[in-house]
Amino acid sequence: MTIELPATAGPAESQAQRLSFPRLHARTQRFTLGAPRAFTVAPDGSRVAFLRSSSGTDRANQLWVLDLEDGAVERVAADPQALLKGAVERLSAEERARRERSREGGAGIVGYATDAAVELAAFALSGRLFAAELRVGTARELPTPAPVIDPRPSPDGRHIAYVAGGALRVTGADGAGDRALVAPEPDSAEKATVTYGLAEFIAAEEMGRSRGFWWSPDSDRLLVARADDAPVRRWWIADPAHPETEPTRVAYPAAGTANADVRLFVVTLDGARTEVMWDRARYPYLARVHWSSAGAPLLLVQSRDQLSQLYLAVDPDDGSTRMVHAEEDPQWLELFPGAPSWSPSGRLVRIVDEGGARVLAVGERPLTGPQLHVRAVLDVADDDVLISASAGEAAAVPETGEVHVYRVNELGVERVSLEPGVHSAVRAGGLTVLVSATLDQPGSRVQVLRDGKQVATVASYAQHPGLTPRVTLTEGGARKIPCAVLLPTDYQEGSGPLPVLLDPYGGPHGQRVLAAHNPYLTSQWFADQGFAVIVADGRGTPGRSPAWEKEIRRDFTLTLDDQVDALRGLAASHPLDLDRVAIRGWSYGGYLAGLAVLRRPDVFHAGVAGAPVTDWQLYDTHYTERYLGNPAKDPAPYALSSLVTEEGLVTPEEPHRPLMIVHGLADDNVVVAHALRLSSALLAAGRPHEVLPLSGVTHMTPQEQVAENLLLLQVDFLKRSLGLSRP
């Protein structure tokens, strides 16, 4: 398929340019480039800072300000091209790893932090430290040791703390007085394994904690995490396409093995430090840290089995802690964005599973019920809490795929986002930035609201995809599994059944059925190759109820059962040819594709497994042990759920079905050993298959040509395998 770029294309695009959808999809990074993101609202409501690149094909983000005092004017506060004077951006290994953990594929200014007034912003660019005065729109470089990671101004704007060389350093906002506050001991063993101020692998990859230091509200000290990965087992990631290059040595905490040792210190601006004390042997995971003027520093610490956790208040003078609240769960305890925190009145704000529902609690009182499934805390104010939530099990209608923004207080619940879609928000100073994605138009729309009324919008330069998903949101099977069904654009009712392609993620933390346009672009492209495409969110996926997510405890194969149930349930009302069914997926979806071909060849006739987890003992601790337990204590769930073990394929069924395995050789999340072990086991069992190794590719596939050709090769494989005409 080729498409002509429409008139809404970004300024760098030529209207005469014609690209295949796979190439345009890759070049625009799934049509995310040019879209505004990372909003910060000034507490006086006068301006909004955000990131955006200059077009739908420009990877380099600029720092922008929407100035509401001068009539909603957008202006550039920092331009990476000007700041680097046209030089090529260079990233340190530590920064590349941080971006891989956050799945950041952009360039330029990919993150920033501000002081409390949102007047000073700090960011790293090519490993160098820059500061921007947001009121006047000027930016400058500050002289510091490189490479700089995660710079953050103090709330009063007088200092900027950052990480360099494993040390937490601080400098004046004017560039004076740069110094290390806390650092690994020089000429010691810890120099190679200890970092201060950085999130360890497991926190950044699985806990949603990307930070390693936090300023006090008074700007006089910081909480600083110390991570020592000396206990963690070392793995080697090589690039066989470049045998002259040494393999990369990584510390990877595989299930059942040791994690990094994480401690926390209160550090003053003169370098004095006091360790924060809690029972780290019982609660080794530092999951959340919150420090605001509403109360003492607040920690959330978890046991390794994630069945219990403590909310702790810290005395920053002596490092002692007191328990504020304790929680236990027989399956596991989930972590949530924005929680815990203090309300301005000093009450604990948290999200908790209670009475079969996921609710917002302030103090000891739940403020929501089973009608809502709370997803995140967005803001906590004097008179309400802003949350995002989807419909709960007791909702009047299922609102399949929708996520909304609500204001909640003791008087009740008010929906802020009105139209069906996927919404989120940032709020401060009486100003709300509402980001909305809907099914009827591509990308997201950004409204700026004051007292519920729109006062401005933020423009998007994202490329128009030139493709409109023909999607039906529905429920499939006896369990009413949330599903999206996509048919070819030119399909006419009564034209007969179509070969079927299941296109799931289908596992924890990965909702795919969403009431938004862009999530279905690739699925629609596959549909236009002649398939009926089904996206199904079975048990284990988020957004419905705690029981729905937690039913997969100790058995990942239930997620495959739900794909089968959804398929068969939808066949009664959609034109599906159940004699020609394929499945494709990446990461957990890749695991599902491999599982489908090996365990259910009676249903699935071909599969494409991208970056699949094949042996769950090779995946990381916090994620895998949450669902399957500790393999050192009970290996049975791992043997049941894995595709391969040391003994070979796990319970493969007949007949053989075609399988394509795709994996990046540089993947440090799902390492390529997963694909290689599966291929070896298939070969030993005499099962033909195809392997597509991607040199230099990580768990993401940002390279344009690689991403494009992956889609084209998958279509070719699926058509060959199902006996269809070649594209």
# chains A, B, ... in the order shown; residues from 1 in each chain; ligands from 1
>>> select_by_dssp(residues="stretch 405-601 of chain A", states="strand (DSSP E or B)", output="ChimeraX atom specification")
/A:405-409,412-415,422-428,431-438,441-450,453-458,471-476,481-486,498-502,532-536,576-586
>>> closest_residue(among="A:Val362, A:Val289, A:Glu328, A:Ala456", to="A:Asp70", atoms="only C-alpha atoms")
A:Ala456
>>> atom_distance(atom1="atom CA of A:Ala227", atom2="atom CA of A:Val262")
4.6 Å
>>> residues_around(residues="stretch 498-510 of chain A", least_positions_apart="6", cutoff="9 Å", atoms="only C-alpha atoms", output="MDAnalysis selection string")
chainID A and resid 487 523 526:527 530:542 549 556 559:560 562:563 567 575:590 592:593 718 722 724
